[in-house]
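Notes for the one structure printed next.
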Amino acid sequence: MRLPDKTRAIEEAIAEIKDGDTVMVGGFGVPGTPMTLIHALVDHGARDLTLVKNDANEPGMGIDHLLQSGQVARLITTHLGLNSHAIGLMNSGALTVEFNAQGILAERIRAGGAGLGAVLSDIGIDTELAQGKQVVEMGGKPWLVEPALRADSALIHADRADPFGNLAYVATAQNFNPLMAMAATCVIAEVETVLPLGGLGANEVHTPGVFVDHVVALGDLSEEYAVVRR
Amino acid sequence: MVARAAREIAPGMVVNLGIGLPTRVVNHLSADFPVCLHTENGLSGIGPTRGHDSADRNLIDAGGAYVSTVPGSACFDSATSFAIVRSGRLDLTMLGAFEVSATGDLANWKIPGKFSPGAGGGIELAQKARRVVVLTTHCDRAGNPKLKQACALPLTAGGCVARIFTDLAVIDVTGDGFALVETADGISATDVAEATDAPLALPDTPLPTF
């Protein structure tokens, strides 16, 4: 037996994304943001997208390219503080933004990836974040119902992978990537180093390849991945 | 005030330092002080901040500053990171503030119409850390008190703040409102009371200074 090879050309992997899709994008700041897949999605041109991403990167970086190109209708996120351009789009009404508490966004995605319907949480229950949310009583306490989140596609950045799509991350580039890599119908991973089968030890795997559909090998990394000199 | 706030950290604690002033507390902890610093983006055991030339492009804190690891650090995903916060494993968090009320309500994420970039992980930190302290200037840039009888801004979490460190004083939030604990060098209790928009209880004994 031999595990299937999922390595693809980047254009072939991105081609599955359609107008109106929901797309999850890994990353927290620069670390773990799939910069190359984002550029490929700009070139591909799918519009009216709903993006799910922790933050909006910074002006001229990461998902800001998709905001600049007008491909994004809606953004589900936790914090836009470093992207004044995204805040401007939100304030002008050009971009619909749904804010989530960061760990709750993570759990909603995890639930989506685990085949669950929702999670119960008391985070923000006394604040305006609770407005419009269903409340259930459990164990004598009120809980907010936080619906599971799934996407049509997920764009993932990993440090190492094998051709089957087993993924490993480094440092704080892990963040939302392993969660999103389980929560989409089509999971596309860009990878800094693709090792031969067996090159990534079974105990080193963070995301099992069964969750991953396409593996895209990165060549030399662009400047966008480098240390940001603010 | 940052040095004074650093003394709030007891040996053995797991601590999250919020974006802004609180992050600077790390510079007042000695290399051999036993503490585990946590950051929401997935690291326990934060080491000293790194300059651009020695930075690891994959190693930042939640504010985007380049940091380092220490022997024993661990990296994890965002779900695990907030499991640490929500399950009560975080002994202390130090947060910034727009307003703190006399009942310990905290507003630090939204000024309607002016500033609404989202709360990030702030709501979970404020609601679930075992002890929440605030590190802030006593007044805003226009000179208005940040310590008030009630918050006017949308809350991050209600009744969460135990202690406030400012440029003027250390103030506890008690069941009976604000209580003055210490003053900064050269600052009188009257100075602090005048800069506070709520009653301020004074101790019977002389006030320590910092």
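In the structure tokens, the first chain shown is A, the next is B, and so on; residue numbers restart at 1 for each chain, and ligands run from 1 in the order shown.
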Would you tabulate, counting only C-alpha atoms, all residues of chain B that have an atom at most 7 Å from an atom of chain A, showing the closest pair of atoms and their distance in Å to one decimal, sorted by chain then ascending number, as a tab-separated table?
residue	atom	partner	partner_atom	distance
B:Asn41	CA	A:Asn175	CA	5.8
B:Gly42	CA	A:Thr172	CA	5.6
B:Leu43	CA	A:Thr172	CA	6.6
B:His52	CA	A:Arg229	CA	6.6
B:Ala55	CA	A:Val227	CA	7.0
B:Arg57	CA	A:Val227	CA	4.8
B:Asn58	CA	A:Pro31	CA	4.8
B:Leu59	CA	A:Thr172	CA	5.3
B:Ile60	CA	A:Thr172	CA	6.5
B:Gly64	CA	A:Gly29	CA	6.7
B:Cys75	CA	A:Ala171	CA	5.7
B:Phe76	CA	A:Gln174	CA	6.5
B:Asp77	CA	A:Asn175	CA	4.3
B:Ser78	CA	A:Asn175	CA	4.8
B:Ala79	CA	A:Ala106	CA	5.2
B:Phe82	CA	A:Gly103	CA	5.1
B:Pro117	CA	A:Leu80	CA	4.8
B:Gly118	CA	A:His79	CA	4.4
B:Ala119	CA	A:His79	CA	6.0
B:Gly120	CA	A:Thr78	CA	4.6
B:Gly121	CA	A:Gln102	CA	4.8
B:Ile123	CA	A:Gly124	CA	6.5
B:Glu124	CA	A:Ile123	CA	6.2
B:Leu155	CA	A:Thr127	CA	6.0
B:Thr156	CA	A:Thr127	CA	6.8
B:Ala157	CA	A:Thr127	CA	6.8
I want to know what sits within 8 Å of Lys6 (chain A), based on only C-alpha atoms, with residues of the same chain fewer than 3 positions away left out; could you give that as a PyMOL selection string? chain A and resi 163-165+213-215
The selected residues should be written to file as a tab-separated table (two decimals), in the first residue's frame (atoms: N, CA and C atoms).
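Output (part32.tsv):
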chain	number	residue	atom	x	y	z
A	163	PRO	N	3.62	14.31	0.76
A	163	PRO	CA	2.69	14.40	-0.38
A	163	PRO	C	1.25	13.99	-0.03
A	164	PHE	N	1.05	13.23	1.03
A	164	PHE	CA	-0.31	12.85	1.43
A	164	PHE	C	-1.03	14.01	2.12
A	165	GLY	N	-0.28	15.03	2.55
A	165	GLY	CA	-0.91	16.19	3.20
A	165	GLY	C	-0.81	16.18	4.71
A	213	ASP	N	-6.75	18.23	1.12
A	213	ASP	CA	-7.06	17.85	-0.26
A	213	ASP	C	-5.94	18.16	-1.23
A	214	HIS	N	-5.29	19.32	-1.04
A	214	HIS	CA	-4.25	19.74	-2.00
A	214	HIS	C	-3.01	20.22	-1.25
A	215	VAL	N	-1.86	19.79	-1.72
A	215	VAL	CA	-0.58	20.24	-1.16
A	215	VAL	C	0.16	21.04	-2.23
Kindly provide the residues of region 71-129 of chain B that approach region 158-167 of chain B to within 12 Å, each paired with its closest atom pair and their distance in Å to one decimal, based on only C-alpha atoms, listed by chain and increasing number, as a Markdown table.
| residue | atom | partner | partner_atom | distance |
| --- | --- | --- | --- | --- |
| B:Leu92 | CA | B:Ala162 | CA | 10.4 |
| B:Thr93 | CA | B:Val161 | CA | 9.9 |
| B:Met94 | CA | B:Ile164 | CA | 9.3 |
| B:Leu95 | CA | B:Val161 | CA | 9.4 |
| B:Gly96 | CA | B:Ile164 | CA | 9.7 |
| B:Ala97 | CA | B:Ile164 | CA | 9.6 |
| B:Glu99 | CA | B:Ile164 | CA | 10.9 |
| B:Val100 | CA | B:Val161 | CA | 7.7 |
| B:Ser101 | CA | B:Gly159 | CA | 8.3 |
| B:Ala102 | CA | B:Gly159 | CA | 8.9 |
| B:Thr103 | CA | B:Gly159 | CA | 5.6 |
| B:Gly104 | CA | B:Gly159 | CA | 4.2 |
| B:Asp105 | CA | B:Gly158 | CA | 4.2 |
| B:Leu106 | CA | B:Gly158 | CA | 6.2 |
| B:Ala107 | CA | B:Gly158 | CA | 8.7 |
| B:Asn108 | CA | B:Gly158 | CA | 11.6 |
| B:Gly122 | CA | B:Cys160 | CA | 12.0 |
| B:Ile123 | CA | B:Gly158 | CA | 10.0 |
| B:Glu124 | CA | B:Cys160 | CA | 10.9 |
| B:Leu125 | CA | B:Cys160 | CA | 9.7 |
| B:Ala126 | CA | B:Cys160 | CA | 6.3 |
| B:Gln127 | CA | B:Cys160 | CA | 6.3 |
| B:Lys128 | CA | B:Cys160 | CA | 8.5 |
| B:Ala129 | CA | B:Cys160 | CA | 8.8 |
Give the helix (DSSP H, G or I) residues of region 47-201 of chain A, as assigned by DSSP on the backbone, as a ChimeraX atom specification. /A:64-68,84-92,102-113,128-130,171-173,177-180
